[in-house]
Structure formats: C-alpha cells, structure tokens
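Have a look at start.cif below; it lists mmCIF, C-alpha atoms and all ligand atoms.
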```
data_my_file
loop_
_atom_site.label_atom_id
_atom_site.label_comp_id
_atom_site.auth_asym_id
_atom_site.auth_seq_id
_atom_site.Cartn_x
_atom_site.Cartn_y
_atom_site.Cartn_z
CA MET I 1 11.47 -16.37 12.61
CA LYS I 2 11.70 -12.57 12.58
CA THR I 3 12.82 -10.68 9.51
CA PRO I 4 14.74 -7.42 10.04
CA HIS I 5 11.72 -5.44 8.85
CA VAL I 6 10.19 -2.64 10.88
CA PHE I 7 6.65 -1.33 10.35
CA LEU I 8 4.83 1.69 11.73
CA MET I 9 1.19 1.18 12.70
CA CYS I 10 -1.45 3.33 14.42
CA PRO I 11 -4.03 1.75 16.77
CA PRO I 12 -7.65 2.09 15.55
CA GLU I 13 -8.80 3.99 18.66
CA TYR I 14 -10.58 6.68 16.63
CA PHE I 15 -11.00 4.76 13.39
CA ASP I 16 -14.32 5.38 11.63
CA VAL I 17 -15.81 6.30 8.29
CA SER I 18 -16.95 9.86 8.91
CA TYR I 19 -16.50 11.42 5.43
CA ILE I 20 -16.23 10.14 1.88
CA ILE I 21 -13.00 10.63 -0.05
CA ASN I 22 -12.89 7.38 -2.04
CA PRO I 23 -15.56 5.12 -3.61
CA TRP I 24 -15.18 2.40 -0.95
CA MET I 25 -16.44 4.78 1.72
CA HIS I 26 -19.84 5.30 0.03
CA GLY I 27 -22.65 3.85 2.13
CA ASN I 28 -20.25 3.15 5.00
CA VAL I 29 -20.41 6.39 6.98
CA ARG I 30 -20.78 5.42 10.68
CA LYS I 31 -21.07 1.74 9.68
CA ILE I 32 -17.89 0.53 11.37
CA ASP I 33 -18.15 -2.21 13.96
CA ASN I 34 -15.53 -0.80 16.35
CA ALA I 35 -15.01 -3.97 18.35
CA LEU I 36 -14.48 -5.96 15.17
CA ALA I 37 -12.15 -3.31 13.73
CA LYS I 38 -10.01 -3.47 16.88
CA GLN I 39 -9.92 -7.25 16.74
CA GLN I 40 -8.96 -7.29 13.04
CA TRP I 41 -6.26 -4.65 13.55
CA ARG I 42 -4.89 -6.61 16.51
CA ALA I 43 -4.75 -9.83 14.46
CA LEU I 44 -2.71 -8.05 11.77
CA TYR I 45 -0.46 -6.54 14.45
CA ASP I 46 0.10 -10.00 15.99
CA ILE I 47 0.99 -11.57 12.64
CA LEU I 48 3.44 -8.79 11.89
CA THR I 49 5.09 -8.88 15.30
CA ASP I 50 5.74 -12.60 14.76
CA HIS I 51 7.75 -11.81 11.63
CA ALA I 52 8.96 -8.22 12.08
CA ASN I 53 9.15 -5.31 14.51
CA VAL I 54 6.24 -2.94 14.83
CA ARG I 55 6.38 0.66 16.13
CA LEU I 56 3.30 2.66 17.03
CA VAL I 57 2.24 6.26 16.51
CA SER I 58 -0.48 7.66 18.81
CA PRO I 59 -3.93 7.92 17.23
CA GLN I 60 -5.56 11.36 17.26
CA PRO I 61 -9.22 12.18 17.80
CA GLY I 62 -10.67 13.80 14.68
CA SER I 63 -8.36 11.83 12.38
CA PRO I 64 -10.26 8.57 11.75
CA ASP I 65 -8.04 7.58 8.79
CA MET I 66 -4.78 7.93 10.72
CA VAL I 67 -4.71 4.11 11.06
CA PHE I 68 -3.60 4.08 7.43
CA THR I 69 0.05 4.85 8.21
CA ALA I 70 1.11 3.99 4.65
CA ASN I 71 -0.01 7.53 3.89
CA ALA I 72 2.21 9.20 6.52
CA GLY I 73 4.94 9.94 4.01
CA LEU I 74 7.92 8.40 2.26
CA VAL I 75 10.83 6.91 4.20
CA LYS I 76 14.30 6.35 2.81
CA GLY I 77 17.06 5.56 5.27
CA ARG I 78 16.85 8.27 7.94
CA ARG I 79 15.02 10.69 5.67
CA PHE I 80 11.28 11.26 5.76
CA LEU I 81 9.23 13.23 3.26
CA VAL I 82 5.89 14.16 4.86
CA THR I 83 2.70 13.52 2.91
CA ARG I 84 0.71 16.46 1.59
CA PHE I 85 -2.83 15.09 1.62
CA ARG I 86 -5.07 15.97 -1.26
CA TYR I 87 -8.23 16.27 0.87
CA PRO I 88 -8.53 18.60 3.90
CA GLU I 89 -10.14 15.78 5.94
CA ARG I 90 -6.77 14.06 6.23
CA GLN I 91 -4.47 17.10 6.38
CA TYR I 92 -4.76 17.19 10.19
CA GLU I 93 -2.67 14.00 10.28
CA GLU I 94 0.38 15.61 8.66
CA PRO I 95 1.92 17.31 11.76
CA TYR I 96 1.44 14.20 13.93
CA PHE I 97 3.30 12.01 11.48
CA ALA I 98 5.98 14.69 10.97
CA ASP I 99 6.49 14.93 14.75
CA TRP I 100 6.83 11.18 15.18
CA PHE I 101 9.75 11.16 12.74
CA LEU I 102 11.28 14.42 14.04
CA ASP I 103 11.22 13.05 17.60
CA ARG I 104 13.21 10.03 16.43
CA GLY I 105 15.90 12.09 14.76
CA TYR I 106 14.87 11.69 11.13
CA ASP I 107 15.76 14.33 8.59
CA VAL I 108 12.19 15.48 7.86
CA SER I 109 11.20 17.52 4.82
CA LEU I 110 7.91 18.81 3.43
CA MET I 111 6.31 18.69 0.00
CA PRO I 112 5.63 22.12 -1.53
CA ARG I 113 2.11 23.26 -0.58
CA HIS I 114 0.69 22.89 -4.11
CA VAL I 115 2.00 19.33 -4.61
CA PRO I 116 -0.34 16.65 -3.22
CA PHE I 117 1.53 13.45 -2.53
CA GLU I 118 0.28 10.62 -0.31
CA GLY I 119 3.47 8.90 0.76
CA ALA I 120 3.87 5.13 0.60
CA GLY I 121 0.25 4.88 -0.55
CA ASP I 122 1.48 6.14 -3.92
CA ALA I 123 5.26 5.56 -3.83
CA LEU I 124 6.72 2.06 -3.55
CA PHE I 125 10.32 0.94 -3.78
CA ASP I 126 11.04 -1.91 -6.15
CA ARG I 127 12.50 -4.93 -4.34
CA GLY I 128 14.78 -5.95 -7.22
CA ALA I 129 16.01 -2.83 -9.01
CA GLN I 130 17.00 0.56 -7.50
CA ARG I 131 13.76 2.19 -8.44
CA LEU I 132 10.82 4.00 -6.92
CA TRP I 133 7.40 3.49 -8.48
CA LEU I 134 5.22 6.60 -8.12
CA ALA I 135 1.54 6.79 -9.00
CA TYR I 136 -0.44 9.90 -9.87
CA GLY I 137 -3.94 10.59 -11.12
CA HIS I 138 -6.06 10.41 -7.97
CA ARG I 139 -4.30 11.52 -4.79
CA SER I 140 -0.76 12.41 -5.82
CA VAL I 141 0.29 14.58 -8.74
CA LEU I 142 2.99 13.98 -11.34
CA ALA I 143 4.93 17.02 -10.09
CA ALA I 144 5.78 14.98 -6.97
CA ARG I 145 8.28 13.06 -9.11
CA GLU I 146 10.61 16.07 -9.45
CA VAL I 147 10.57 16.77 -5.74
CA ILE I 148 11.22 13.13 -4.76
CA ALA I 149 14.02 12.74 -7.32
CA GLU I 150 15.66 15.93 -6.07
CA ARG I 151 15.38 14.98 -2.35
CA PHE I 152 16.11 11.25 -2.56
CA GLY I 153 17.90 10.78 -5.89
CA GLY I 154 17.53 7.58 -7.87
CA GLU I 155 15.15 6.55 -10.61
CA VAL I 156 11.49 7.49 -10.09
CA VAL I 157 9.09 5.84 -12.53
CA ALA I 158 5.65 7.47 -12.80
CA LEU I 159 2.51 5.41 -13.43
CA LYS I 160 -0.94 6.84 -14.10
CA LEU I 161 -3.93 5.40 -12.23
CA THR I 162 -7.27 5.50 -14.04
CA ASP I 163 -9.84 3.53 -12.01
CA GLN I 164 -11.35 5.39 -9.00
CA ARG I 165 -11.58 2.17 -6.99
CA PHE I 166 -7.80 1.84 -7.12
CA TYR I 167 -7.02 5.35 -6.01
CA HIS I 168 -3.63 4.67 -4.41
CA LEU I 169 -0.77 2.70 -5.96
CA ASP I 170 -0.72 0.25 -3.06
CA THR I 171 -4.31 -0.82 -3.84
CA CYS I 172 -3.27 -2.31 -7.19
CA PHE I 173 0.51 -2.77 -7.23
CA CYS I 174 2.98 -4.41 -4.88
CA PRO I 175 6.71 -4.96 -5.37
CA LEU I 176 7.94 -8.19 -3.75
CA ASP I 177 11.38 -9.53 -2.82
CA GLY I 178 13.31 -10.88 -5.77
CA GLY I 179 12.08 -8.13 -8.09
CA TYR I 180 8.56 -9.54 -8.42
CA VAL I 181 5.65 -7.19 -8.96
CA LEU I 182 2.10 -8.10 -8.08
CA TYR I 183 -0.39 -5.90 -9.96
CA TYR I 184 -3.83 -5.37 -11.44
CA PRO I 185 -3.19 -4.04 -14.97
CA ALA I 186 -6.66 -2.52 -15.55
CA ALA I 187 -6.02 0.07 -12.82
CA PHE I 188 -3.38 1.77 -15.03
CA ASP I 189 -3.51 3.61 -18.35
CA ALA I 190 -2.04 1.86 -21.41
CA PRO I 191 1.33 3.71 -21.44
CA SER I 192 1.83 2.86 -17.74
CA ARG I 193 1.03 -0.81 -18.36
CA ALA I 194 3.62 -0.72 -21.17
CA THR I 195 6.16 0.86 -18.78
CA ILE I 196 5.64 -1.93 -16.24
CA GLU I 197 6.01 -4.55 -18.98
CA ARG I 198 9.19 -2.88 -20.23
CA LEU I 199 10.86 -2.59 -16.83
CA VAL I 200 9.73 -5.81 -15.14
CA PRO I 201 10.59 -9.06 -16.96
CA ASP I 202 7.67 -11.33 -17.78
CA SER I 203 8.90 -13.96 -15.30
CA ARG I 204 8.69 -11.39 -12.50
CA ARG I 205 5.21 -9.99 -13.23
CA ILE I 206 2.31 -11.52 -11.31
CA VAL I 207 -1.00 -10.37 -12.76
CA VAL I 208 -3.86 -10.29 -10.28
CA ALA I 209 -7.44 -11.06 -11.40
CA GLU I 210 -10.26 -8.57 -10.83
CA ASP I 211 -11.94 -10.45 -7.95
CA ASP I 212 -8.65 -10.65 -6.06
CA ALA I 213 -7.91 -7.00 -6.85
CA LEU I 214 -11.32 -6.04 -5.44
CA ALA I 215 -10.56 -7.99 -2.27
CA PHE I 216 -7.36 -5.85 -2.05
CA ALA I 217 -5.02 -8.79 -2.63
CA CYS I 218 -2.47 -6.32 -4.06
CA ASN I 219 -2.61 -4.42 -0.76
CA ALA I 220 -0.12 -6.88 0.65
CA VAL I 221 2.41 -6.48 3.43
CA SER I 222 5.50 -8.45 2.64
CA ALA I 223 7.83 -9.60 5.38
CA GLY I 224 10.38 -11.75 3.63
CA LYS I 225 8.62 -14.71 2.06
CA ARG I 226 5.37 -14.02 3.95
CA ILE I 227 2.71 -12.01 2.19
CA VAL I 228 -0.10 -10.78 4.43
CA VAL I 229 -3.43 -9.86 2.80
CA ASN I 230 -7.09 -9.42 3.65
CA ARG I 231 -8.30 -12.24 1.41
CA ALA I 232 -7.17 -14.03 -1.74
CA SER I 233 -8.29 -16.78 -4.12
CA THR I 234 -6.67 -20.20 -4.37
CA ALA I 235 -5.30 -19.13 -7.77
CA PHE I 236 -3.54 -16.18 -6.10
CA VAL I 237 -2.18 -18.32 -3.26
CA ASP I 238 -0.91 -20.90 -5.78
CA ALA I 239 0.65 -18.29 -8.07
CA LEU I 240 2.63 -16.89 -5.15
CA GLY I 241 3.38 -20.34 -3.75
CA ARG I 242 5.07 -21.31 -7.04
CA ARG I 243 7.42 -18.34 -6.55
CA GLY I 244 8.25 -19.37 -3.01
CA PHE I 245 5.91 -17.01 -1.12
CA GLU I 246 3.50 -17.98 1.62
CA VAL I 247 0.21 -16.06 1.70
CA VAL I 248 -1.29 -15.30 5.10
CA GLN I 249 -4.93 -14.16 5.06
CA THR I 250 -6.39 -12.08 7.85
CA PRO I 251 -9.85 -10.50 7.46
CA LEU I 252 -9.85 -6.69 7.42
CA SER I 253 -13.46 -6.06 6.37
CA GLU I 254 -13.93 -3.03 8.63
CA PHE I 255 -10.94 -1.27 7.07
CA MET I 256 -12.11 -2.17 3.55
CA LYS I 257 -15.15 0.02 4.31
CA ALA I 258 -12.73 2.96 4.43
CA GLY I 259 -10.91 1.82 1.29
CA GLY I 260 -7.90 0.25 2.95
CA SER I 261 -6.49 -3.07 4.03
CA ALA I 262 -3.28 -4.76 5.21
CA LYS I 263 -0.61 -2.73 3.45
CA CYS I 264 -2.37 0.62 4.03
CA LEU I 265 -2.32 -0.11 7.76
CA THR I 266 1.48 -0.25 7.78
CA LEU I 267 4.44 1.87 6.77
CA ARG I 268 7.75 0.11 6.26
CA LEU I 269 10.49 1.97 8.11
CA ASP I 270 13.54 -0.06 7.03
CA GLU I 271 13.94 1.37 3.55
CA PRO I 272 17.67 1.42 2.79
N1 LIG D 1 -9.92 6.36 3.77
C1 LIG D 1 -8.53 6.46 3.47
C2 LIG D 1 -8.33 7.46 2.36
O1 LIG D 1 -9.16 7.53 1.48
C3 LIG D 1 -7.96 5.13 3.12
C4 LIG D 1 -6.48 5.15 2.86
C5 LIG D 1 -5.92 3.85 2.44
N2 LIG D 1 -4.51 3.92 2.32
C6 LIG D 1 -3.78 3.43 1.33
N3 LIG D 1 -2.49 3.52 1.43
N4 LIG D 1 -4.29 2.95 0.24
O2 LIG D 1 -7.37 8.19 2.31
#
```
For the file at hand, write its structure as structure tokens.
Ligand code: ARG
Amino acid sequence: MKTPHVFLMCPPEYFDVSYIINPWMHGNVRKIDNALAKQQWRALYDILTDHANVRLVSPQPGSPDMVFTANAGLVKGRRFLVTRFRYPERQYEEPYFADWFLDRGYDVSLMPRHVPFEGAGDALFDRGAQRLWLAYGHRSVLAAREVIAERFGGEVVALKLTDQRFYHLDTCFCPLDGGYVLYYPAAFDAPSRATIERLVPDSRRIVVAEDDALAFACNAVSAGKRIVVNRASTAFVDALGRRGFEVVQTPLSEFMKAGGSAKCLTLRLDEP
C-alpha cells in the first residue's frame, strides 16, 4: 500500500566518482560500475514507488553527485531553502535544484553566501516532536541555525559531528515515525550526545552498532513502517522489528563509493 510520502530523486545518468570530498571517495575515482549503479538506483526507485510517490529532477553533465538529492536543500511545506555547498565541485548543482522548485511554484530562498549548508543531508525533521535537527562540523556551519530558524521558525537543535566518515547528519542519524531516532553515538561530540539523550526518551532511542553504521544503516529512507537501507545486521533488523518497523535491504555499493546510500539518494518533499 502507498503512503502519502513524496520523494525527489535524480537518475544516475552522469553519476561517477570524479573528485574526492569525503573519505569514502578515496581510492574510488573512476571506479564506478555504471551498469550496476543504474541497476541499484532503479531497484531503490522501484521499492519507493511501491510505497510512495517519486518525482525526478534531470541529471546534469558535470555534476556526478547530483544523484544525492538529499543535498538539494531543505523543504518545509511549499518553502525551499537552497543548499549552499561547501565544496566548489558540487556548487554547480545549486541552480538546477533551485529551478526545479521555482518551476513548481515553491517559495525559494537562498542561504547567505558565507553560510555553507547542505540541506536535508544535515537537517532532519523529528517525526515525533516539532523539531529540526541540524548538524554542523563538516559540511554545514552552525550559523545556518539562525537563518533556518528565521526563515522557517520552530525549534532548531544543533548537533556537532566529529568523525570524518559521518560527514552529513543523515549518515549517522535518522528520525523515524513515532518519535524514534536511529543513531550512531560515536559520530557526535559528547555535548551533542547529551542533547540527544535529553530530548529523545530512552525508549525512543535506537543505538546503531559500528558495523551497521559503516554499512550506512542510519542512511535510511522511511516510508511509514518501511525502512529502506543498503544493508543491515540481524540485530538491526530485530531491533526495528520490535518497534513495528520492517527493514528492506537493497544493495547500493556503487553509491557507497561516493559516500552515500539510500537516504542520500532521496529528498522527502512532503514536509508539513
Ligand atoms: N559524494 C557526495 C558528497 O560528498 C555524497 C553525498 C551524500 N549525501 C548525503 N546526504 N549524505 O557530497
């Protein structure tokens, strides 16, 4: 059965690893199996279209990371705040994403030039409380909090990321329906871990082990009770099963080479 969720994806036409801007990309330049990448992307697309609606943005030559639509910006209702990429390699994507939302009548705004902020890669709405979790430390800066709070209102809780391998919030943290939070604590500094523990009750925190975190199990797309990930251990599947979630695994090895997986390949558009 379909949920009311809507996701934006970008076909992997020009997907490749052609520069290095995160540790996962090391040793993977020009190592993508394009046929396999297309097949893996298509499998994710098919799973999502079974449970939700998927919209597409046209891929652009010269922007190999544009498949990672999570980084397009931040959506709330009909408002869209365009990402300001930290690295020049991805800044070419910004106008294409901005145009997609402008063409569909969204109220589009920009981040100030000196404020890097990588959209839903680093900003995730809680699924229980009225709260936005924002990460800084690698790609986005803390100053983004002020801008987001001023544009969108509401509570914005900042978390500091400290492990290079988990360079976006969505690589190590995932809010789930019912106010659950799936996360890998070691990716955060101690005060941020304390903040999570203070704001999310113990019964709602699902701690992910290192091997699952390294397989990007936190990089999960949730469509209702279905949680789609690259790969996860039996312990992870059981932990989620006990809370009523069903884990769907679909291999995304080619995208892992660029430092991304299921959730990075999608941007949720139905954010109330
Ligand atoms: N190669 C891309 C980058 O480093 C991967 C982005 C993954 N996206 C994400 N939301 N975590 O920017």
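Here the question is which of I:Arg131, I:Lys263, I:Arg139, I:Arg104 gets nearest to Tyr87 in chain I using all atoms listed in the file, and that residue is I:Arg139.
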What do you get as a list in words if you pick all residues at most 6 Å from ligand LIG 1 (chain D), counting all atoms listed in the file? Ile21, Asn22, Asp65, Phe68, Ala70, Asn71, Gly121, His168, Asp170, Thr171, Ala258, Gly259, Gly260 and Cys264 of chain I
Go ahead and dump the residues you just picked, C-alpha atoms, as a PDB file, in the coordinates of the input.
```
ATOM      1  CA  ILE I  21     -13.000  10.630  -0.050  1.00  0.00           C
ATOM      2  CA  ASN I  22     -12.890   7.380  -2.040  1.00  0.00           C
ATOM      3  CA  ASP I  65      -8.040   7.580   8.790  1.00  0.00           C
ATOM      4  CA  PHE I  68      -3.600   4.080   7.430  1.00  0.00           C
ATOM      5  CA  ALA I  70       1.110   3.990   4.650  1.00  0.00           C
ATOM      6  CA  ASN I  71      -0.010   7.530   3.890  1.00  0.00           C
ATOM      7  CA  GLY I 121       0.250   4.880  -0.550  1.00  0.00           C
ATOM      8  CA  HIS I 168      -3.630   4.670  -4.410  1.00  0.00           C
ATOM      9  CA  ASP I 170      -0.720   0.250  -3.060  1.00  0.00           C
ATOM     10  CA  THR I 171      -4.310  -0.820  -3.840  1.00  0.00           C
ATOM     11  CA  ALA I 258     -12.730   2.960   4.430  1.00  0.00           C
ATOM     12  CA  GLY I 259     -10.910   1.820   1.290  1.00  0.00           C
ATOM     13  CA  GLY I 260      -7.900   0.250   2.950  1.00  0.00           C
ATOM     14  CA  CYS I 264      -2.370   0.620   4.030  1.00  0.00           C
TER      15      CYS I 264
END
```
With all atoms listed in the file counted and 10 Å as the cut-off, give the residues of range 69-179 of chain I in contact with range 48-62 of chain I, each with its shortest interatomic distance in Å and the pair that gives it, as JSON lines.
```
{"residue": "I:Thr69", "atom": "CA", "partner": "I:Val57", "partner_atom": "CA", "distance": 8.7}
{"residue": "I:Glu89", "atom": "CA", "partner": "I:Gly62", "partner_atom": "CA", "distance": 9.0}
{"residue": "I:Arg90", "atom": "CA", "partner": "I:Gly62", "partner_atom": "CA", "distance": 9.3}
{"residue": "I:Tyr92", "atom": "CA", "partner": "I:Gly62", "partner_atom": "CA", "distance": 8.2}
{"residue": "I:Glu93", "atom": "CA", "partner": "I:Gln60", "partner_atom": "CA", "distance": 8.0}
{"residue": "I:Tyr96", "atom": "CA", "partner": "I:Gln60", "partner_atom": "CA", "distance": 8.3}
{"residue": "I:Phe97", "atom": "CA", "partner": "I:Val57", "partner_atom": "CA", "distance": 7.7}
{"residue": "I:Asp99", "atom": "CA", "partner": "I:Val57", "partner_atom": "CA", "distance": 9.8}
{"residue": "I:Trp100", "atom": "CA", "partner": "I:Val57", "partner_atom": "CA", "distance": 6.9}
{"residue": "I:Phe101", "atom": "CA", "partner": "I:Val57", "partner_atom": "CA", "distance": 9.7}
```
Separation of CA of Ala213 in chain I from CA of Pro12 in chain I in Å: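 Between these atoms lies a distance of 24.2 Å.
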For CA of Glu210 in chain I and CA of Pro23 in chain I, quote the distance in Å rounded to one decimal.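 A separation of 16.4 Å between them.
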Which residues come within 8 Å of range 24-32 of chain I, counting only C-alpha atoms, excluding same-chain residues fewer than 5 positions away, as a PyMOL selection string? chain I and resi 16-19+37+165+254+256-259
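Proximity of I:Phe152, I:Phe117, I:Tyr167, I:Phe216 to Ala232 in chain I, computed with only C-alpha atoms, is greatest for I:Phe216.
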Which residues of range 44-163 of chain I come within 12 Å of range 173-196 of chain I, and for each one, what is the closest pair of atoms and their distance in Å to one decimal, counting only C-alpha atoms, sorted by chain and residue number, as CSV?
```
residue,atom,partner,partner_atom,distance
I:Ala120,CA,I:Cys174,CA,11.0
I:Gly121,CA,I:Phe173,CA,10.2
I:Asp122,CA,I:Phe173,CA,9.6
I:Ala123,CA,I:Phe173,CA,10.2
I:Leu124,CA,I:Pro175,CA,7.3
I:Phe125,CA,I:Pro175,CA,7.1
I:Asp126,CA,I:Pro175,CA,5.4
I:Arg127,CA,I:Gly179,CA,4.9
I:Gly128,CA,I:Gly179,CA,3.6
I:Ala129,CA,I:Gly179,CA,6.7
I:Gln130,CA,I:Gly179,CA,10.0
I:Arg131,CA,I:Gly179,CA,10.5
I:Leu132,CA,I:Pro175,CA,10.0
I:Trp133,CA,I:Pro175,CA,9.0
I:Leu134,CA,I:Phe173,CA,10.5
I:Ala135,CA,I:Phe188,CA,9.3
I:Tyr136,CA,I:Phe188,CA,10.1
I:Gly137,CA,I:Phe188,CA,9.7
I:His138,CA,I:Ala187,CA,11.4
I:Val157,CA,I:Thr195,CA,8.5
I:Ala158,CA,I:Ser192,CA,7.8
I:Leu159,CA,I:Ser192,CA,5.1
I:Lys160,CA,I:Phe188,CA,5.7
I:Leu161,CA,I:Phe188,CA,4.6
I:Thr162,CA,I:Phe188,CA,5.5
I:Asp163,CA,I:Ala187,CA,5.2
```
Counting all atoms listed in the file, figure out which residue out of I:Asp211, I:Ile47, I:Pro88, I:Ala144 gets nearest to Lys2 in chain I.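 Using all atoms listed in the file, Lys2 in chain I sits closest to I:Ile47.
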Range 160-170 of chain I written out with all heavy atoms as a compact mmCIF listing (two decimals), in the first residue's frame:
```
# COMPACT_ATOMS: atom_id res chain seq x y z
N LYS I 160 26.89 18.55 16.86
CA LYS I 160 28.20 18.64 16.22
C LYS I 160 28.73 17.26 15.82
O LYS I 160 28.82 16.36 16.65
CB LYS I 160 29.19 19.33 17.16
CG LYS I 160 30.52 19.51 16.47
CD LYS I 160 31.44 20.43 17.23
CE LYS I 160 32.65 20.67 16.33
NZ LYS I 160 33.71 21.36 17.00
N LEU I 161 29.10 17.15 14.55
CA LEU I 161 29.65 15.89 14.03
C LEU I 161 31.17 15.92 14.17
O LEU I 161 31.79 16.95 13.89
CB LEU I 161 29.29 15.73 12.55
CG LEU I 161 27.80 15.60 12.21
CD1 LEU I 161 27.59 15.59 10.70
CD2 LEU I 161 27.23 14.33 12.83
N THR I 162 31.75 14.78 14.55
CA THR I 162 33.20 14.79 14.81
C THR I 162 33.98 13.70 14.07
O THR I 162 35.20 13.67 14.16
CB THR I 162 33.47 14.60 16.32
OG1 THR I 162 32.79 13.42 16.74
CG2 THR I 162 32.99 15.77 17.13
N ASP I 163 33.32 12.80 13.39
CA ASP I 163 34.03 11.71 12.70
C ASP I 163 33.88 11.95 11.18
O ASP I 163 32.75 11.98 10.67
CB ASP I 163 33.38 10.37 13.13
CG ASP I 163 34.05 9.15 12.50
OD1 ASP I 163 34.59 9.25 11.38
OD2 ASP I 163 34.00 8.08 13.13
N GLN I 164 35.01 12.10 10.49
CA GLN I 164 35.00 12.42 9.05
C GLN I 164 34.16 11.45 8.22
O GLN I 164 33.65 11.82 7.18
CB GLN I 164 36.43 12.38 8.49
CG GLN I 164 37.36 13.47 9.01
CD GLN I 164 37.04 14.83 8.42
OE1 GLN I 164 36.29 14.94 7.45
NE2 GLN I 164 37.57 15.87 9.03
N ARG I 165 34.11 10.20 8.65
CA ARG I 165 33.36 9.20 7.87
C ARG I 165 31.86 9.48 7.90
O ARG I 165 31.12 9.06 7.02
CB ARG I 165 33.63 7.79 8.40
CG ARG I 165 35.07 7.37 8.27
CD ARG I 165 35.33 6.10 9.04
NE ARG I 165 34.99 6.24 10.47
CZ ARG I 165 35.03 5.24 11.35
NH1 ARG I 165 35.35 4.04 10.97
NH2 ARG I 165 34.71 5.47 12.61
N PHE I 166 31.42 10.17 8.95
CA PHE I 166 30.00 10.50 9.07
C PHE I 166 29.87 12.01 8.92
O PHE I 166 29.68 12.74 9.90
CB PHE I 166 29.46 9.96 10.40
CG PHE I 166 29.65 8.46 10.52
CD1 PHE I 166 30.72 7.93 11.23
CD2 PHE I 166 28.80 7.60 9.85
CE1 PHE I 166 30.93 6.56 11.28
CE2 PHE I 166 28.99 6.22 9.90
CZ PHE I 166 30.06 5.70 10.62
N TYR I 167 30.04 12.45 7.70
CA TYR I 167 30.22 13.87 7.40
C TYR I 167 28.92 14.62 7.17
O TYR I 167 28.91 15.84 7.07
CB TYR I 167 31.16 14.02 6.18
CG TYR I 167 30.57 13.35 4.96
CD1 TYR I 167 29.82 14.08 4.05
CD2 TYR I 167 30.69 11.97 4.79
CE1 TYR I 167 29.22 13.46 2.98
CE2 TYR I 167 30.07 11.34 3.72
CZ TYR I 167 29.35 12.09 2.82
OH TYR I 167 28.72 11.47 1.78
N HIS I 168 27.81 13.88 7.05
CA HIS I 168 26.49 14.50 6.97
C HIS I 168 25.64 13.88 8.08
O HIS I 168 25.81 12.69 8.39
CB HIS I 168 25.79 14.17 5.64
CG HIS I 168 26.13 15.07 4.48
ND1 HIS I 168 26.29 14.60 3.20
CD2 HIS I 168 26.30 16.42 4.41
CE1 HIS I 168 26.56 15.61 2.39
NE2 HIS I 168 26.57 16.73 3.09
N LEU I 169 24.67 14.63 8.57
CA LEU I 169 23.81 14.09 9.64
C LEU I 169 23.11 12.81 9.20
O LEU I 169 22.95 11.87 9.98
CB LEU I 169 22.77 15.15 10.05
CG LEU I 169 21.84 14.76 11.21
CD1 LEU I 169 22.62 14.49 12.49
CD2 LEU I 169 20.78 15.84 11.45
N ASP I 170 22.69 12.75 7.94
CA ASP I 170 21.90 11.58 7.51
C ASP I 170 22.75 10.32 7.34
O ASP I 170 22.23 9.26 7.00
CB ASP I 170 21.07 11.89 6.25
CG ASP I 170 21.91 12.14 5.01
OD1 ASP I 170 23.14 12.03 5.08
OD2 ASP I 170 21.30 12.46 3.96
```
